[in-house]
$ cat work30.cif   # mmCIF, C-alpha atoms; chains and numbers go by the auth columns
data_model
loop_
_atom_site.group_PDB
_atom_site.id
_atom_site.type_symbol
_atom_site.label_atom_id
_atom_site.label_comp_id
_atom_site.label_asym_id
_atom_site.label_seq_id
_atom_site.Cartn_x
_atom_site.Cartn_y
_atom_site.Cartn_z
_atom_site.B_iso_or_equiv
_atom_site.auth_seq_id
_atom_site.auth_asym_id
ATOM 1 C CA MET A 1 14.363 17.093 0.141 0.00 19 W
ATOM 2 C CA GLY A 2 16.834 14.240 0.569 0.00 20 W
ATOM 3 C CA ALA A 3 20.624 14.456 0.486 0.00 21 W
ATOM 4 C CA HIS A 4 22.975 12.065 -1.260 0.00 22 W
ATOM 5 C CA VAL A 5 25.365 9.680 0.481 0.00 23 W
ATOM 6 C CA SER A 6 28.784 8.974 -1.069 0.00 24 W
ATOM 7 C CA LEU A 7 29.164 5.186 -1.290 0.00 25 W
ATOM 8 C CA GLY A 8 30.921 2.638 -3.487 0.00 26 W
ATOM 9 C CA SER A 9 28.790 0.812 -6.071 0.00 27 W
ATOM 10 C CA GLU A 10 28.396 -2.367 -3.978 0.00 28 W
ATOM 11 C CA GLN A 11 27.564 -0.401 -0.840 0.00 29 W
ATOM 12 C CA LEU A 12 25.142 1.748 -2.826 0.00 30 W
ATOM 13 C CA ALA A 13 23.339 -1.327 -4.178 0.00 31 W
ATOM 14 C CA ALA A 14 23.087 -2.882 -0.696 0.00 32 W
ATOM 15 C CA SER A 15 21.854 0.392 0.769 0.00 33 W
ATOM 16 C CA ALA A 16 19.211 0.791 -1.954 0.00 34 W
ATOM 17 C CA ARG A 17 18.035 -2.800 -1.366 0.00 35 W
ATOM 18 C CA ALA A 18 17.645 -2.230 2.387 0.00 36 W
ATOM 19 C CA ASP A 19 16.026 1.171 1.869 0.00 37 W
ATOM 20 C CA LEU A 20 13.560 -0.302 -0.623 0.00 38 W
ATOM 21 C CA ALA A 21 12.533 -3.059 1.783 0.00 39 W
ATOM 22 C CA ALA A 22 12.108 -0.404 4.482 0.00 40 W
ATOM 23 C CA ALA A 23 9.858 1.680 2.227 0.00 41 W
ATOM 24 C CA TYR A 24 7.587 -1.324 1.648 0.00 42 W
ATOM 25 C CA ARG A 25 7.349 -1.953 5.391 0.00 43 W
ATOM 26 C CA LEU A 26 6.624 1.736 6.032 0.00 44 W
ATOM 27 C CA LEU A 27 3.771 1.777 3.503 0.00 45 W
ATOM 28 C CA ALA A 28 2.292 -1.202 5.340 0.00 46 W
ATOM 29 C CA HIS A 29 2.842 0.475 8.715 0.00 47 W
ATOM 30 C CA PHE A 30 1.048 3.652 7.590 0.00 48 W
ATOM 31 C CA LYS A 31 -1.715 1.585 5.902 0.00 49 W
ATOM 32 C CA MET A 32 -0.818 2.874 2.449 0.00 50 W
ATOM 33 C CA ASP A 33 -0.612 -0.607 0.884 0.00 51 W
ATOM 34 C CA ASP A 34 -3.267 -2.373 -1.212 0.00 52 W
ATOM 35 C CA SER A 35 -3.238 -6.128 -0.585 0.00 53 W
ATOM 36 C CA ILE A 36 -0.413 -7.480 -2.819 0.00 54 W
ATOM 37 C CA PHE A 37 -0.723 -4.665 -5.363 0.00 55 W
ATOM 38 C CA THR A 38 1.098 -1.409 -6.130 0.00 56 W
ATOM 39 C CA HIS A 39 4.858 -1.231 -6.117 0.00 57 W
ATOM 40 C CA ILE A 40 8.046 0.551 -5.218 0.00 58 W
ATOM 41 C CA SER A 41 11.118 0.077 -7.395 0.00 59 W
ATOM 42 C CA ALA A 42 14.729 1.148 -6.976 0.00 60 W
ATOM 43 C CA LYS A 43 17.825 1.023 -9.133 0.00 61 W
ATOM 44 C CA ALA A 44 19.852 -2.090 -8.434 0.00 62 W
ATOM 45 C CA GLY A 45 23.168 -0.293 -8.928 0.00 63 W
ATOM 46 C CA VAL A 46 24.018 -2.049 -12.221 0.00 64 W
ATOM 47 C CA GLY A 47 23.136 -0.373 -15.517 0.00 65 W
ATOM 48 C CA GLU A 48 19.375 -0.196 -16.064 0.00 66 W
ATOM 49 C CA GLN A 49 18.549 -3.015 -13.678 0.00 67 W
ATOM 50 C CA PHE A 50 16.092 -2.312 -10.901 0.00 68 W
ATOM 51 C CA LEU A 51 14.570 -4.004 -7.869 0.00 69 W
ATOM 52 C CA ILE A 52 10.866 -4.589 -7.251 0.00 70 W
ATOM 53 C CA ASN A 53 8.706 -6.723 -4.961 0.00 71 W
ATOM 54 C CA SER A 54 7.984 -10.368 -5.607 0.00 72 W
ATOM 55 C CA TYR A 55 4.437 -10.929 -6.873 0.00 73 W
ATOM 56 C CA GLY A 56 2.101 -12.107 -4.127 0.00 74 W
ATOM 57 C CA THR A 57 4.157 -10.722 -1.245 0.00 75 W
ATOM 58 C CA ARG A 58 2.373 -8.384 1.163 0.00 76 W
ATOM 59 C CA PHE A 59 4.258 -5.193 1.900 0.00 77 W
ATOM 60 C CA ASP A 60 4.623 -6.163 5.561 0.00 78 W
ATOM 61 C CA GLU A 61 6.448 -9.326 4.414 0.00 79 W
ATOM 62 C CA VAL A 62 9.017 -7.748 2.058 0.00 80 W
ATOM 63 C CA LYS A 63 12.660 -8.459 2.891 0.00 81 W
ATOM 64 C CA ALA A 64 15.760 -7.016 1.258 0.00 82 W
ATOM 65 C CA SER A 65 17.057 -10.453 0.260 0.00 83 W
ATOM 66 C CA GLU A 66 13.811 -11.433 -1.508 0.00 84 W
ATOM 67 C CA LEU A 67 13.487 -8.458 -3.854 0.00 85 W
ATOM 68 C CA VAL A 68 13.381 -9.322 -7.562 0.00 86 W
ATOM 69 C CA THR A 69 15.962 -7.895 -9.976 0.00 87 W
ATOM 70 C CA ILE A 70 14.735 -7.116 -13.489 0.00 88 W
ATOM 71 C CA ASP A 71 16.082 -5.146 -16.431 0.00 89 W
ATOM 72 C CA ILE A 72 14.444 -2.366 -18.359 0.00 90 W
ATOM 73 C CA ASP A 73 12.988 -4.878 -20.849 0.00 91 W
ATOM 74 C CA GLY A 74 11.272 -6.868 -18.109 0.00 92 W
ATOM 75 C CA THR A 75 13.682 -9.795 -18.075 0.00 93 W
ATOM 76 C CA VAL A 76 13.810 -11.334 -14.603 0.00 94 W
ATOM 77 C CA LEU A 77 17.477 -11.597 -13.626 0.00 95 W
ATOM 78 C CA ASP A 78 17.149 -12.731 -10.019 0.00 96 W
ATOM 79 C CA ASP A 79 13.991 -13.986 -8.325 0.00 97 W
ATOM 80 C CA PRO A 80 14.736 -15.535 -4.903 0.00 98 W
ATOM 81 C CA ARG A 81 11.101 -16.538 -4.262 0.00 99 W
ATOM 82 C CA GLY A 82 10.398 -17.666 -7.820 0.00 100 W
ATOM 83 C CA HIS A 83 7.042 -15.872 -7.979 0.00 101 W
ATOM 84 C CA GLY A 84 7.830 -13.364 -10.724 0.00 102 W
ATOM 85 C CA ILE A 85 6.556 -9.783 -10.757 0.00 103 W
ATOM 86 C CA ASN A 86 3.315 -7.912 -11.384 0.00 104 W
ATOM 87 C CA ALA A 87 3.059 -6.961 -15.074 0.00 105 W
ATOM 88 C CA ALA A 88 1.494 -3.579 -14.299 0.00 106 W
ATOM 89 C CA GLY A 89 4.355 -2.815 -11.939 0.00 107 W
ATOM 90 C CA PHE A 90 6.837 -3.411 -14.719 0.00 108 W
ATOM 91 C CA VAL A 91 5.059 -1.114 -17.182 0.00 109 W
ATOM 92 C CA ILE A 92 4.839 1.898 -14.880 0.00 110 W
ATOM 93 C CA HIS A 93 8.236 1.573 -13.284 0.00 111 W
ATOM 94 C CA SER A 94 10.256 0.618 -16.349 0.00 112 W
ATOM 95 C CA ALA A 95 8.818 3.620 -18.184 0.00 113 W
ATOM 96 C CA ILE A 96 10.169 6.083 -15.635 0.00 114 W
ATOM 97 C CA HIS A 97 13.471 4.328 -14.916 0.00 115 W
ATOM 98 C CA GLY A 98 14.151 4.127 -18.645 0.00 116 W
ATOM 99 C CA ALA A 99 13.385 7.783 -19.342 0.00 117 W
ATOM 100 C CA ARG A 100 14.690 9.477 -16.193 0.00 118 W
ATOM 101 C CA PRO A 101 18.253 8.279 -15.425 0.00 119 W
ATOM 102 C CA GLU A 102 18.499 10.616 -12.435 0.00 120 W
ATOM 103 C CA ILE A 103 15.600 8.820 -10.725 0.00 121 W
ATOM 104 C CA GLY A 104 16.646 6.131 -8.267 0.00 122 W
ATOM 105 C CA CYS A 105 13.217 5.152 -6.948 0.00 123 W
ATOM 106 C CA VAL A 106 9.618 5.119 -8.183 0.00 124 W
ATOM 107 C CA LEU A 107 6.759 4.668 -5.697 0.00 125 W
ATOM 108 C CA HIS A 108 3.104 4.035 -6.556 0.00 126 W
ATOM 109 C CA THR A 109 0.103 3.708 -4.219 0.00 127 W
ATOM 110 C CA HIS A 110 -3.653 3.072 -4.234 0.00 128 W
ATOM 111 C CA THR A 111 -4.926 4.646 -1.007 0.00 129 W
ATOM 112 C CA VAL A 112 -8.507 5.671 -0.330 0.00 130 W
ATOM 113 C CA ALA A 113 -7.582 9.358 -0.026 0.00 131 W
ATOM 114 C CA GLY A 114 -5.204 9.244 -2.992 0.00 132 W
ATOM 115 C CA VAL A 115 -7.733 7.541 -5.249 0.00 133 W
ATOM 116 C CA ALA A 116 -10.432 9.944 -4.074 0.00 134 W
ATOM 117 C CA VAL A 117 -8.368 12.974 -5.091 0.00 135 W
ATOM 118 C CA ALA A 118 -7.430 11.190 -8.332 0.00 136 W
ATOM 119 C CA CYS A 119 -11.168 11.059 -9.088 0.00 137 W
ATOM 120 C CA MET A 120 -11.699 14.786 -8.503 0.00 138 W
ATOM 121 C CA GLU A 121 -11.764 16.982 -11.591 0.00 139 W
ATOM 122 C CA GLU A 122 -9.645 19.666 -9.894 0.00 140 W
ATOM 123 C CA GLY A 123 -7.058 17.187 -8.641 0.00 141 W
ATOM 124 C CA LEU A 124 -4.895 18.282 -5.712 0.00 142 W
ATOM 125 C CA LEU A 125 -5.923 21.678 -4.373 0.00 143 W
ATOM 126 C CA PRO A 126 -3.347 24.153 -2.932 0.00 144 W
ATOM 127 C CA MET A 127 -5.063 24.043 0.453 0.00 145 W
ATOM 128 C CA ASN A 128 -2.368 23.613 3.077 0.00 146 W
ATOM 129 C CA GLN A 129 1.345 23.329 3.783 0.00 147 W
ATOM 130 C CA TRP A 130 1.513 19.680 2.699 0.00 148 W
ATOM 131 C CA SER A 131 -0.213 20.256 -0.622 0.00 149 W
ATOM 132 C CA LEU A 132 1.737 23.454 -1.349 0.00 150 W
ATOM 133 C CA GLN A 133 4.886 21.365 -1.679 0.00 151 W
ATOM 134 C CA PHE A 134 3.307 20.162 -4.936 0.00 152 W
ATOM 135 C CA HIS A 135 1.929 23.520 -6.085 0.00 153 W
ATOM 136 C CA ASP A 136 2.619 23.741 -9.853 0.00 154 W
ATOM 137 C CA ARG A 137 4.917 20.755 -9.345 0.00 155 W
ATOM 138 C CA ILE A 138 2.644 17.766 -9.871 0.00 156 W
ATOM 139 C CA ALA A 139 1.727 16.009 -13.111 0.00 157 W
ATOM 140 C CA TYR A 140 -1.470 14.229 -14.169 0.00 158 W
ATOM 141 C CA HIS A 141 -1.947 11.132 -16.318 0.00 159 W
ATOM 142 C CA ASP A 142 -5.338 10.031 -17.645 0.00 160 W
ATOM 143 C CA PHE A 143 -6.607 6.563 -16.800 0.00 161 W
ATOM 144 C CA GLU A 144 -6.119 3.971 -19.553 0.00 162 W
ATOM 145 C CA GLY A 145 -7.210 0.839 -17.689 0.00 163 W
ATOM 146 C CA ILE A 146 -4.894 -1.491 -15.761 0.00 164 W
ATOM 147 C CA ALA A 147 -1.373 -0.519 -16.789 0.00 165 W
ATOM 148 C CA VAL A 148 -0.305 -3.583 -18.791 0.00 166 W
ATOM 149 C CA ASN A 149 -0.073 -1.910 -22.209 0.00 167 W
ATOM 150 C CA LEU A 150 3.566 -1.215 -23.091 0.00 168 W
ATOM 151 C CA GLU A 151 2.482 1.630 -25.365 0.00 169 W
ATOM 152 C CA GLU A 152 1.246 3.549 -22.324 0.00 170 W
ATOM 153 C CA ARG A 153 4.826 4.001 -21.126 0.00 171 W
ATOM 154 C CA ALA A 154 5.526 6.822 -23.574 0.00 172 W
ATOM 155 C CA ARG A 155 2.418 8.691 -22.440 0.00 173 W
ATOM 156 C CA LEU A 156 3.262 8.191 -18.769 0.00 174 W
ATOM 157 C CA VAL A 157 6.728 9.629 -19.292 0.00 175 W
ATOM 158 C CA ALA A 158 5.445 12.535 -21.383 0.00 176 W
ATOM 159 C CA ASP A 159 2.868 13.448 -18.739 0.00 177 W
ATOM 160 C CA LEU A 160 5.351 13.166 -15.867 0.00 178 W
ATOM 161 C CA GLY A 161 7.852 15.425 -17.614 0.00 179 W
ATOM 162 C CA THR A 162 10.475 16.647 -15.135 0.00 180 W
ATOM 163 C CA HIS A 163 8.176 16.368 -12.098 0.00 181 W
ATOM 164 C CA LYS A 164 8.700 14.038 -9.144 0.00 182 W
ATOM 165 C CA ALA A 165 5.021 13.563 -8.333 0.00 183 W
ATOM 166 C CA MET A 166 2.041 12.562 -10.436 0.00 184 W
ATOM 167 C CA ILE A 167 -1.626 11.824 -9.896 0.00 185 W
ATOM 168 C CA LEU A 168 -2.813 8.909 -12.015 0.00 186 W
ATOM 169 C CA ARG A 169 -6.406 9.959 -12.620 0.00 187 W
ATOM 170 C CA ASN A 170 -9.038 7.489 -11.354 0.00 188 W
ATOM 171 C CA HIS A 171 -6.144 5.308 -10.229 0.00 189 W
ATOM 172 C CA GLY A 172 -3.752 6.533 -7.549 0.00 190 W
ATOM 173 C CA LEU A 173 -0.566 8.409 -6.695 0.00 191 W
ATOM 174 C CA LEU A 174 3.038 8.224 -7.898 0.00 192 W
ATOM 175 C CA THR A 175 6.240 9.815 -6.641 0.00 193 W
ATOM 176 C CA CYS A 176 9.861 9.397 -7.651 0.00 194 W
ATOM 177 C CA GLY A 177 13.176 10.577 -6.266 0.00 195 W
ATOM 178 C CA ARG A 178 16.923 10.376 -6.521 0.00 196 W
ATOM 179 C CA THR A 179 16.800 8.018 -3.549 0.00 197 W
ATOM 180 C CA VAL A 180 14.262 5.718 -1.924 0.00 198 W
ATOM 181 C CA GLY A 181 14.111 8.132 0.985 0.00 199 W
ATOM 182 C CA GLU A 182 13.242 11.091 -1.214 0.00 200 W
ATOM 183 C CA ALA A 183 10.487 9.189 -3.034 0.00 201 W
ATOM 184 C CA PHE A 184 9.008 7.907 0.234 0.00 202 W
ATOM 185 C CA VAL A 185 8.977 11.295 1.963 0.00 203 W
ATOM 186 C CA LEU A 186 7.310 12.850 -1.087 0.00 204 W
ATOM 187 C CA MET A 187 4.629 10.152 -1.017 0.00 205 W
ATOM 188 C CA HIS A 188 4.143 10.511 2.731 0.00 206 W
ATOM 189 C CA ASN A 189 3.469 14.231 2.253 0.00 207 W
ATOM 190 C CA LEU A 190 1.330 13.741 -0.860 0.00 208 W
ATOM 191 C CA GLU A 191 -0.806 11.153 0.906 0.00 209 W
ATOM 192 C CA ARG A 192 -1.390 13.463 3.888 0.00 210 W
ATOM 193 C CA ALA A 193 -2.249 16.304 1.517 0.00 211 W
ATOM 194 C CA CYS A 194 -4.899 14.076 -0.081 0.00 212 W
ATOM 195 C CA GLN A 195 -6.233 12.994 3.308 0.00 213 W
ATOM 196 C CA ALA A 196 -6.510 16.622 4.405 0.00 214 W
ATOM 197 C CA GLN A 197 -8.290 17.577 1.176 0.00 215 W
ATOM 198 C CA VAL A 198 -10.834 14.774 1.497 0.00 216 W
ATOM 199 C CA ALA A 199 -11.406 15.658 5.161 0.00 217 W
ATOM 200 C CA ALA A 200 -11.801 19.386 4.491 0.00 218 W
ATOM 201 C CA LEU A 201 -14.162 18.930 1.534 0.00 219 W
ATOM 202 C CA GLY A 202 -16.128 16.404 3.558 0.00 220 W
ATOM 203 C CA THR A 203 -17.087 19.038 6.124 0.00 221 W
ATOM 204 C CA GLY A 204 -19.115 20.894 3.519 0.00 222 W
ATOM 205 C CA ARG A 205 -17.763 24.187 4.835 0.00 223 W
ATOM 206 C CA PRO A 206 -16.275 26.900 2.577 0.00 224 W
ATOM 207 C CA ILE A 207 -12.601 26.282 1.763 0.00 225 W
ATOM 208 C CA ARG A 208 -10.046 29.045 2.271 0.00 226 W
ATOM 209 C CA LEU A 209 -7.086 28.833 -0.132 0.00 227 W
ATOM 210 C CA PRO A 210 -3.884 30.814 0.486 0.00 228 W
ATOM 211 C CA PRO A 211 -3.069 33.653 -1.926 0.00 229 W
ATOM 212 C CA ARG A 212 -1.165 32.694 -5.093 0.00 230 W
ATOM 213 C CA GLU A 213 1.988 34.519 -3.967 0.00 231 W
ATOM 214 C CA ILE A 214 2.044 32.586 -0.679 0.00 232 W
ATOM 215 C CA ALA A 215 1.507 29.304 -2.530 0.00 233 W
ATOM 216 C CA ASP A 216 4.446 30.120 -4.833 0.00 234 W
ATOM 217 C CA LEU A 217 6.628 31.090 -1.861 0.00 235 W
ATOM 218 C CA THR A 218 5.848 27.910 0.065 0.00 236 W
ATOM 219 C CA ALA A 219 6.634 25.684 -2.916 0.00 237 W
ATOM 220 C CA ARG A 220 10.005 27.420 -3.318 0.00 238 W
ATOM 221 C CA GLN A 221 10.694 27.027 0.409 0.00 239 W
ATOM 222 C CA TYR A 222 10.228 23.271 0.099 0.00 240 W
ATOM 223 C CA GLU A 223 12.708 23.192 -2.795 0.00 241 W
ATOM 224 C CA THR A 224 15.409 24.952 -0.737 0.00 242 W
ATOM 225 C CA TRP A 225 14.781 23.088 2.524 0.00 243 W
ATOM 226 C CA ASP A 226 17.978 21.007 2.247 0.00 244 W
ATOM 227 C CA ASP A 227 20.065 24.151 1.820 0.00 245 W
ATOM 228 C CA LEU A 228 18.675 25.510 5.087 0.00 246 W
ATOM 229 C CA HIS A 229 19.756 22.327 6.860 0.00 247 W
ATOM 230 C CA ALA A 230 23.113 21.693 5.192 0.00 248 W
ATOM 231 C CA ALA A 231 24.734 21.291 8.601 0.00 249 W
ATOM 232 C CA SER A 232 22.954 17.954 8.987 0.00 250 W
ATOM 233 C CA GLY A 233 25.573 16.440 6.660 0.00 251 W
ATOM 234 C CA ALA A 234 25.166 13.846 3.910 0.00 252 W
ATOM 235 C CA VAL A 235 22.397 11.834 5.598 0.00 253 W
ATOM 236 C CA ASP A 236 18.761 12.782 5.014 0.00 254 W
ATOM 237 C CA PRO A 237 17.559 13.263 8.621 0.00 255 W
ATOM 238 C CA GLU A 238 13.897 12.577 7.872 0.00 256 W
ATOM 239 C CA TRP A 239 14.628 9.309 6.064 0.00 257 W
ATOM 240 C CA ALA A 240 17.018 8.342 8.871 0.00 258 W
ATOM 241 C CA ALA A 241 14.134 8.859 11.304 0.00 259 W
ATOM 242 C CA PHE A 242 11.871 6.674 9.167 0.00 260 W
ATOM 243 C CA LEU A 243 14.555 3.963 9.089 0.00 261 W
ATOM 244 C CA ARG A 244 14.685 4.013 12.895 0.00 262 W
ATOM 245 C CA LEU A 245 10.911 3.547 12.918 0.00 263 W
ATOM 246 C CA THR A 246 11.215 0.625 10.497 0.00 264 W
ATOM 247 C CA ARG A 247 13.814 -1.085 12.670 0.00 265 W
ATOM 248 C CA ALA A 248 11.508 -0.656 15.654 0.00 266 W
ATOM 249 C CA VAL A 249 8.314 -2.021 14.053 0.00 267 W
ATOM 250 C CA ALA A 250 9.758 -4.434 11.428 0.00 268 W
ATOM 251 C CA PRO A 251 13.295 -5.421 12.449 0.00 269 W
ATOM 252 C CA ASP A 252 13.545 -8.259 9.908 0.00 270 W
ATOM 253 C CA PHE A 253 13.264 -6.019 6.801 0.00 271 W
ATOM 254 C CA GLU A 254 17.026 -6.015 6.157 0.00 272 W
ATOM 255 C CA HIS A 255 17.284 -9.825 6.156 0.00 273 W
#
$ encode --input "work30.cif" --output "C-alpha cells"
Amino acid sequence: MGAHVSLGSEQLAASARADLAAAYRLLAHFKMDDSIFTHISAKAGVGEQFLINSYGTRFDEVKASELVTIDIDGTVLDDPRGHGINAAGFVIHSAIHGARPEIGCVLHTHTVAGVAVACMEEGLLPMNQWSLQFHDRIAYHDFEGIAVNLEERARLVADLGTHKAMILRNHGLLTCGRTVGEAFVLMHNLERACQAQVAALGTGRPIRLPPREIADLTARQYETWDDLHAASGAVDPEWAAFLRLTRAVAPDFEH
C-alpha cells in the first residue's frame, strides 16, 4: 500500500523530512519505541544521503529540523544537535539503502510483541488478516549480536532479498517502503500481527489457521489494495490519516 506523490526534489526532501519526524512521533504515540534506541531512516533526496535520528533523542522529541544527514559510508554531513548517530542504526539502515535504491525508508523496532515473535522458532504465523499481509512475504535474519559489525550488512541484505518486511531473530522487526508512509503502515500492521499472535498463543487454546489457498488469496489482496482505491488520487489515505493524528498529538514535529 502507499501511493507516490509527484513533487520537485526540494519539496520531496522537505516532505520526507517531515514524514520521518512524524513516523518517530507515531512510534512513541503507539508505544513502539525503546528508550533512545531503534531507528527510522529516510532518503534525504540527494544521492545516497539519508536522514536518521540524533543519538540520545527520544522518539517523542524528534523534530524535522533536528534530523541528522549522513551518507552511505556513515559520514555525518549535517548534525544540528551535534550528538552524532547510533552506530547500530547506521549498519542496518545503510545496508538496505545501499542495496535497494527503490527503498525510501527503513524502519526498525524493538517491541515486546515483536521481540517475542522474533524469539519463536516458527516466526510469524499466518493466523489472521494482519499477519496474512506478510504470508510468504517476510524475511528472517539470524541474530549476530548488536549490529555494529559492517560485515553483517551483506548478510542482512541477502536475507531481506526483495521483501519489505523482515524479522530479526531474537532482536526485533524491520520494514521498508518506497515512502515513509508505506514503511510505517507495514510496521503498524506487523506489530499488531505480533501482538495478536502472542495474545492468541497465550490463551493456551488450540489455534485455527486459515487454509493455504485463503492465505495466498489474502496476501494477493493486500498487494492490489491500491488498485482498488485508485480514485483516492496520489495521496496515501492511510498515511494522511496518520499525519492528521500526529498533528493532533505532537504538533511541533514539523519544526
$ residues_around --input "work30.cif" --residues "stretch 121-134 of chain W" --least-positions-apart "3" --cutoff "8 Å" --atoms "all atoms listed in the file" --output "count of residues only"
34
$ atom_distance --input "work30.cif" --atom1 "atom CA of W:Leu44" --atom2 "atom CA of W:Thr264"
6.5 Å
$ atom_distance --input "work30.cif" --atom1 "atom CA of W:Ile90" --atom2 "atom CA of W:Gly63"
13.0 Å
$ residues_near_point --input "work30.cif" --point "(0.5, 16.1, 3.1)" --cutoff "9 Å" --atoms "only C-alpha atoms" --output "number ranges by chain"
W: 146-151, 204-214
$ write_last_selection --input "work30.cif" --atoms "C-alpha atoms" --output "CSV table (one decimal), keeping the file's coordinate frame"
chain,number,residue,atom,x,y,z
W,146,ASN,CA,-2.4,23.6,3.1
W,147,GLN,CA,1.3,23.3,3.8
W,148,TRP,CA,1.5,19.7,2.7
W,149,SER,CA,-0.2,20.3,-0.6
W,150,LEU,CA,1.7,23.5,-1.3
W,151,GLN,CA,4.9,21.4,-1.7
W,204,LEU,CA,7.3,12.8,-1.1
W,205,MET,CA,4.6,10.2,-1.0
W,206,HIS,CA,4.1,10.5,2.7
W,207,ASN,CA,3.5,14.2,2.3
W,208,LEU,CA,1.3,13.7,-0.9
W,209,GLU,CA,-0.8,11.2,0.9
W,210,ARG,CA,-1.4,13.5,3.9
W,211,ALA,CA,-2.2,16.3,1.5
W,212,CYS,CA,-4.9,14.1,-0.1
W,213,GLN,CA,-6.2,13.0,3.3
W,214,ALA,CA,-6.5,16.6,4.4
$ resolve_selection --input "work30.cif" --expression "the PyMOL selection byres ((chain W and resi 100) around 10)" --output "PDB file with C-alpha atoms, in the frame of the given file"
ATOM      1  CA  SER W  72       7.984 -10.368  -5.607  1.00  0.00           C
ATOM      2  CA  TYR W  73       4.437 -10.929  -6.873  1.00  0.00           C
ATOM      3  CA  GLU W  84      13.811 -11.433  -1.508  1.00  0.00           C
ATOM      4  CA  VAL W  86      13.381  -9.322  -7.562  1.00  0.00           C
ATOM      5  CA  VAL W  94      13.810 -11.334 -14.603  1.00  0.00           C
ATOM      6  CA  ASP W  96      17.149 -12.731 -10.019  1.00  0.00           C
ATOM      7  CA  ASP W  97      13.991 -13.986  -8.325  1.00  0.00           C
ATOM      8  CA  PRO W  98      14.736 -15.535  -4.903  1.00  0.00           C
ATOM      9  CA  ARG W  99      11.101 -16.538  -4.262  1.00  0.00           C
ATOM     10  CA  HIS W 101       7.042 -15.872  -7.979  1.00  0.00           C
ATOM     11  CA  GLY W 102       7.830 -13.364 -10.724  1.00  0.00           C
ATOM     12  CA  ILE W 103       6.556  -9.783 -10.757  1.00  0.00           C
TER      13      ILE W 103
END
$ closest_residue --input "work30.cif" --among "W:Ala62, W:Glu241, W:Thr93, W:Val109" --to "W:Glu170" --atoms "all atoms listed in the file"
W:Val109
$ residues_near_point --input "work30.cif" --point "(2.7, 26.3, -5.9)" --cutoff "10 Å" --atoms "all atoms listed in the file" --output "ChimeraX atom specification"
/W:143-144,149-156,230-238
$ atom_distance --input "work30.cif" --atom1 "atom CA of W:Gly107" --atom2 "atom CA of W:Ile70"
8.2 Å
$ residues_around --input "work30.cif" --residues "W:Leu263" --least-positions-apart "4" --cutoff "12 Å" --atoms "only C-alpha atoms" --output "list in words"
Ala40, Ala41, Arg43, Leu44, Leu45, His47, Phe48, Glu256, Trp257, Ala258, Ala259, Val267, Ala268, Pro269 and Phe271 of chain W
$ closest_residue --input "work30.cif" --among "W:Ala39, W:Arg76, W:Ala117, W:Ile54" --to "W:Asn104" --atoms "all atoms listed in the file"
W:Ile54
$ closest_residue --input "work30.cif" --among "W:Glu272, W:Lys49, W:Arg171, W:Tyr240" --to "W:Leu85" --atoms "only C-alpha atoms"
W:Glu272
$ closest_residue --input "work30.cif" --among "W:Gln67, W:Gln239, W:Ser83, W:Ser53" --to "W:Ser33" --atoms "all atoms listed in the file"
W:Ser83
$ closest_residue --input "work30.cif" --among "W:Phe260, W:Asp89, W:Arg173, W:Trp243" --to "W:Leu186" --atoms "only C-alpha atoms"
W:Arg173
$ closest_residue --input "work30.cif" --among "W:Met145, W:Leu178, W:Ile88, W:Ala183" --to "W:Glu200" --atoms "all atoms listed in the file"
W:Ala183
$ build_atoms --input "work30.cif" --residues "stretch 127-139 of chain W" --atoms "N, CA and C atoms" --output "compact mmCIF listing (two decimals), in the frame of the given file"
# COMPACT_ATOMS: atom_id res chain seq x y z
N THR W 127 1.06 4.17 -5.22
CA THR W 127 0.10 3.71 -4.22
C THR W 127 -1.33 3.80 -4.72
N HIS W 128 -2.19 2.97 -4.09
CA HIS W 128 -3.65 3.07 -4.23
C HIS W 128 -4.19 3.24 -2.81
N THR W 129 -4.31 4.43 -2.31
CA THR W 129 -4.93 4.65 -1.01
C THR W 129 -6.32 5.23 -1.21
N VAL W 130 -7.15 5.14 -0.20
CA VAL W 130 -8.51 5.67 -0.33
C VAL W 130 -8.46 7.17 -0.60
N ALA W 131 -7.66 7.91 0.17
CA ALA W 131 -7.58 9.36 -0.03
C ALA W 131 -6.94 9.70 -1.36
N GLY W 132 -5.89 8.98 -1.73
CA GLY W 132 -5.20 9.24 -2.99
C GLY W 132 -6.09 8.98 -4.19
N VAL W 133 -6.82 7.86 -4.15
CA VAL W 133 -7.73 7.54 -5.25
C VAL W 133 -8.89 8.54 -5.29
N ALA W 134 -9.35 8.96 -4.11
CA ALA W 134 -10.43 9.94 -4.07
C ALA W 134 -10.02 11.24 -4.76
N VAL W 135 -8.84 11.74 -4.44
CA VAL W 135 -8.37 12.97 -5.09
C VAL W 135 -8.12 12.73 -6.58
N ALA W 136 -7.65 11.53 -6.92
CA ALA W 136 -7.43 11.19 -8.33
C ALA W 136 -8.73 11.18 -9.12
N CYS W 137 -9.86 11.06 -8.43
CA CYS W 137 -11.17 11.06 -9.09
C CYS W 137 -11.79 12.46 -9.16
N MET W 138 -11.16 13.42 -8.51
CA MET W 138 -11.70 14.79 -8.50
C MET W 138 -11.22 15.54 -9.73
N GLU W 139 -12.12 16.25 -10.38
CA GLU W 139 -11.76 16.98 -11.59
C GLU W 139 -10.64 17.98 -11.34
